[in-house]
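J.: Pasting entry_21.txt here (compact mmCIF, C-alpha atoms):
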```txt
# COMPACT_ATOMS: atom_id res chain seq x y z
CA MET A 126 86.01 126.31 91.89
CA ILE A 127 85.25 122.66 91.28
CA THR A 128 87.17 120.93 88.50
CA LEU A 129 86.07 117.90 86.48
CA THR A 130 88.76 115.80 84.82
CA ASP A 131 88.34 114.80 81.18
CA LYS A 132 87.44 111.25 82.30
CA ALA A 133 84.74 112.59 84.62
CA VAL A 134 83.29 114.80 81.88
CA LYS A 135 83.23 111.85 79.48
CA GLU A 136 81.42 109.61 81.99
CA ILE A 137 78.86 112.28 82.90
CA LYS A 138 78.12 112.93 79.21
CA ARG A 139 77.80 109.17 78.57
CA PHE A 140 75.33 108.85 81.42
CA MET A 141 73.32 111.83 80.21
CA GLU A 142 73.16 110.45 76.66
CA ASP A 143 71.94 107.09 78.00
CA SER A 144 69.28 108.76 80.17
CA PRO A 145 66.58 110.49 78.10
CA ASP A 146 65.14 112.11 81.23
CA CYS A 147 68.39 114.13 81.65
CA ASP A 148 67.77 116.27 78.57
CA ASP A 149 67.45 119.74 80.09
CA HIS A 150 69.39 118.94 83.26
CA ILE A 151 72.63 120.14 84.80
CA LEU A 152 74.95 118.54 87.34
CA ARG A 153 74.69 119.66 90.97
CA VAL A 154 77.64 119.02 93.27
CA ALA A 155 76.65 119.17 96.92
CA VAL A 156 77.73 118.29 100.44
CA ALA A 157 75.51 116.67 103.05
CA GLY A 158 76.04 115.69 106.64
CA GLY A 159 76.72 111.99 107.01
CA GLY A 160 79.16 109.29 106.06
CA CYS A 161 81.78 107.93 108.36
CA SER A 162 83.82 111.17 108.35
CA GLY A 163 81.11 113.79 108.81
CA PHE A 164 80.27 115.08 105.30
CA GLU A 165 79.36 113.24 102.11
CA TYR A 166 79.77 114.33 98.50
CA LYS A 167 76.54 114.32 96.49
CA LEU A 168 76.20 114.39 92.71
CA ALA A 169 72.79 114.74 91.09
CA PHE A 170 71.19 115.87 87.87
CA VAL A 171 68.71 118.70 88.41
CA GLU A 172 66.56 120.78 86.11
CA ARG A 173 68.18 124.00 84.92
CA SER A 174 65.42 125.93 86.68
CA GLU A 175 66.87 124.86 90.07
CA TYR A 176 69.89 127.10 89.48
CA SER A 177 69.73 130.36 91.43
CA GLU A 178 72.45 132.96 91.14
CA LYS A 179 71.81 133.89 94.76
CA THR A 180 72.51 130.44 96.16
CA HIS A 181 74.71 128.70 93.57
CA ASN A 182 77.98 129.14 91.74
CA LYS A 183 77.84 127.93 88.14
CA TYR A 184 80.71 126.47 86.10
CA GLU A 185 81.01 125.36 82.50
CA GLN A 186 83.50 122.58 81.78
CA GLY A 187 83.87 120.37 78.75
CA GLY A 188 80.43 121.32 77.48
CA LEU A 189 78.80 120.55 80.85
CA THR A 190 77.15 122.93 83.27
CA LEU A 191 77.57 122.24 86.96
CA ILE A 192 76.29 124.14 89.95
CA VAL A 193 77.45 124.18 93.56
CA GLU A 194 75.61 125.72 96.49
CA LYS A 195 77.66 128.63 97.79
CA LYS A 196 77.54 127.35 101.37
CA ALA A 197 78.78 123.90 100.27
CA GLU A 198 81.61 125.41 98.26
CA LEU A 199 83.17 126.61 101.49
CA PHE A 200 83.95 122.93 102.19
CA ILE A 201 84.85 121.77 98.67
CA ASP A 202 86.42 124.75 96.90
CA GLY A 203 89.36 123.51 94.85
CA THR A 204 88.07 119.91 94.66
CA THR A 205 88.86 117.86 91.58
CA ILE A 206 86.32 115.21 90.58
CA ASP A 207 87.69 112.28 88.58
CA TRP A 208 86.24 109.06 87.18
CA VAL A 209 87.96 105.86 88.28
CA ASP A 210 87.41 102.58 86.43
CA GLU A 211 89.63 99.92 87.95
CA LEU A 212 89.29 96.27 88.83
CA SER A 213 88.70 96.98 92.53
CA ARG A 214 86.81 100.27 92.22
CA ARG A 215 84.56 102.09 89.79
CA GLY A 216 83.04 105.53 90.34
CA PHE A 217 83.78 109.15 90.97
CA SER A 218 86.67 110.15 93.19
CA PHE A 219 87.10 113.47 94.96
CA GLU A 220 90.42 115.18 95.66
CA ASN A 221 89.51 117.84 98.20
CA PRO A 222 92.32 120.12 99.44
CA ASN A 223 90.07 121.27 102.33
CA ALA A 224 89.55 117.79 103.80
CA ALA A 225 91.37 117.24 107.07
CA THR A 226 90.49 113.53 106.92
CA SER A 227 88.71 111.23 104.49
CA CYS A 228 87.20 107.81 104.90
CA GLY A 229 88.78 104.79 103.25
CA CYS A 230 86.37 104.76 100.31
CA GLY A 231 86.80 108.50 99.65
CA GLU A 232 83.07 109.20 99.74
CA SER A 233 83.10 111.26 102.94
CA PHE A 234 85.38 113.76 104.63
CA SER A 235 85.83 116.12 107.55
CA VAL A 236 87.18 119.67 107.62
```
Let me see the file written as C-alpha cells.

T.:
Amino acid sequence: MITLTDKAVKEIKRFMEDSPDCDDHILRVAVAGGGCSGFEYKLAFVERSEYSEKTHNKYEQGGLTLIVEKKAELFIDGTTIDWVDELSRRGFSFENPNAATSCGCGESFSV
C-alpha cells in the first residue's frame, strides 16, 4: 500500500483545483528505470479510464484516488509520500522501506 500524508493530499488537491484539465483524472504513482540510483519515482495525473484492475492496485485516501501498477508496487509497497515546503527544498518526498539506497535528493532509489 502507498500512503499519502495529509500535506501531500492537500497539495495534490490544490494542484487539481488549479488545473481545469485534471477534472476526471486520478493520480498514478509509478517507478521507472533511471536516476542516479537506478529507479525513479513518477507521479502523474491520468484519465480514470487508464485504470485496469488487472494491472493496477487502486487506493482511496483523503478523497483522492491513486493507482499503482502491480509490478511497480513490488518496489514501493509501504512507501509514504509527503509534501515538503522548506526554504531549501519544495516538492514531494518518498519514504520507501524497500529502498536499499537513495540518492541525495530522494528522487531515485535502488532495491

J.: Tell me, as a short mmCIF file (atom, residue, chain, number, x, y, z; two decimals) with C-alpha atoms, in the frame of the given file, which residues lie within 9 Å of region 145-158 of chain A, counting all atoms listed in the file; anything in the same chain fewer than 6 positions away does not count.

T.:
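Result written to result-v1.cif:
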```
data_model
loop_
_atom_site.label_atom_id
_atom_site.label_comp_id
_atom_site.auth_asym_id
_atom_site.auth_seq_id
_atom_site.Cartn_x
_atom_site.Cartn_y
_atom_site.Cartn_z
CA ILE A 127 85.25 122.66 91.28
CA ILE A 137 78.86 112.28 82.90
CA PHE A 164 80.27 115.08 105.30
CA GLU A 165 79.36 113.24 102.11
CA TYR A 166 79.77 114.33 98.50
CA LYS A 167 76.54 114.32 96.49
CA LEU A 168 76.20 114.39 92.71
CA ALA A 169 72.79 114.74 91.09
CA PHE A 170 71.19 115.87 87.87
CA VAL A 171 68.71 118.70 88.41
CA GLU A 172 66.56 120.78 86.11
CA ARG A 173 68.18 124.00 84.92
CA SER A 174 65.42 125.93 86.68
CA TYR A 176 69.89 127.10 89.48
CA LEU A 189 78.80 120.55 80.85
CA THR A 190 77.15 122.93 83.27
CA LEU A 191 77.57 122.24 86.96
CA ILE A 192 76.29 124.14 89.95
CA VAL A 193 77.45 124.18 93.56
CA GLU A 194 75.61 125.72 96.49
CA ALA A 197 78.78 123.90 100.27
CA GLU A 198 81.61 125.41 98.26
CA PHE A 200 83.95 122.93 102.19
CA ILE A 201 84.85 121.77 98.67
#
```

J.: Just to confirm, what's the straight-line distance from CA of Glu142 (chain A) to CA of Thr205 (chain A) in Å (one decimal)?

T.: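 CA of Glu142 (chain A) sits 22.9 Å away from CA of Thr205 (chain A).
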
J.: Tell me, in Å to one decimal, how far CA of Ser218 (chain A) is from CA of Asp131 (chain A).

T.: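 The value is 13.0 Å.
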
J.: Using all atoms listed in the file, pick whichever of A:Ser144, A:Gly163, A:Met126, A:Phe219 has the shortest atom-to-atom distance to His181 (chain A).

T.: A:Met126

J.: Just to confirm, what's the straight-line distance from CA of Arg139 (chain A) to CA of Arg214 (chain A) in Å (one decimal)?

T.: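 Between CA of Arg139 (chain A) and CA of Arg214 (chain A) the gap works out to 18.6 Å.
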
J.: So which one's closest to Asp210 (chain A), A:Asp143, A:Ala133, A:Gly187, A:Ser177? Using all atoms listed in the file, please.

T.: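 Smallest distance to Asp210 (chain A) is found for A:Ala133.
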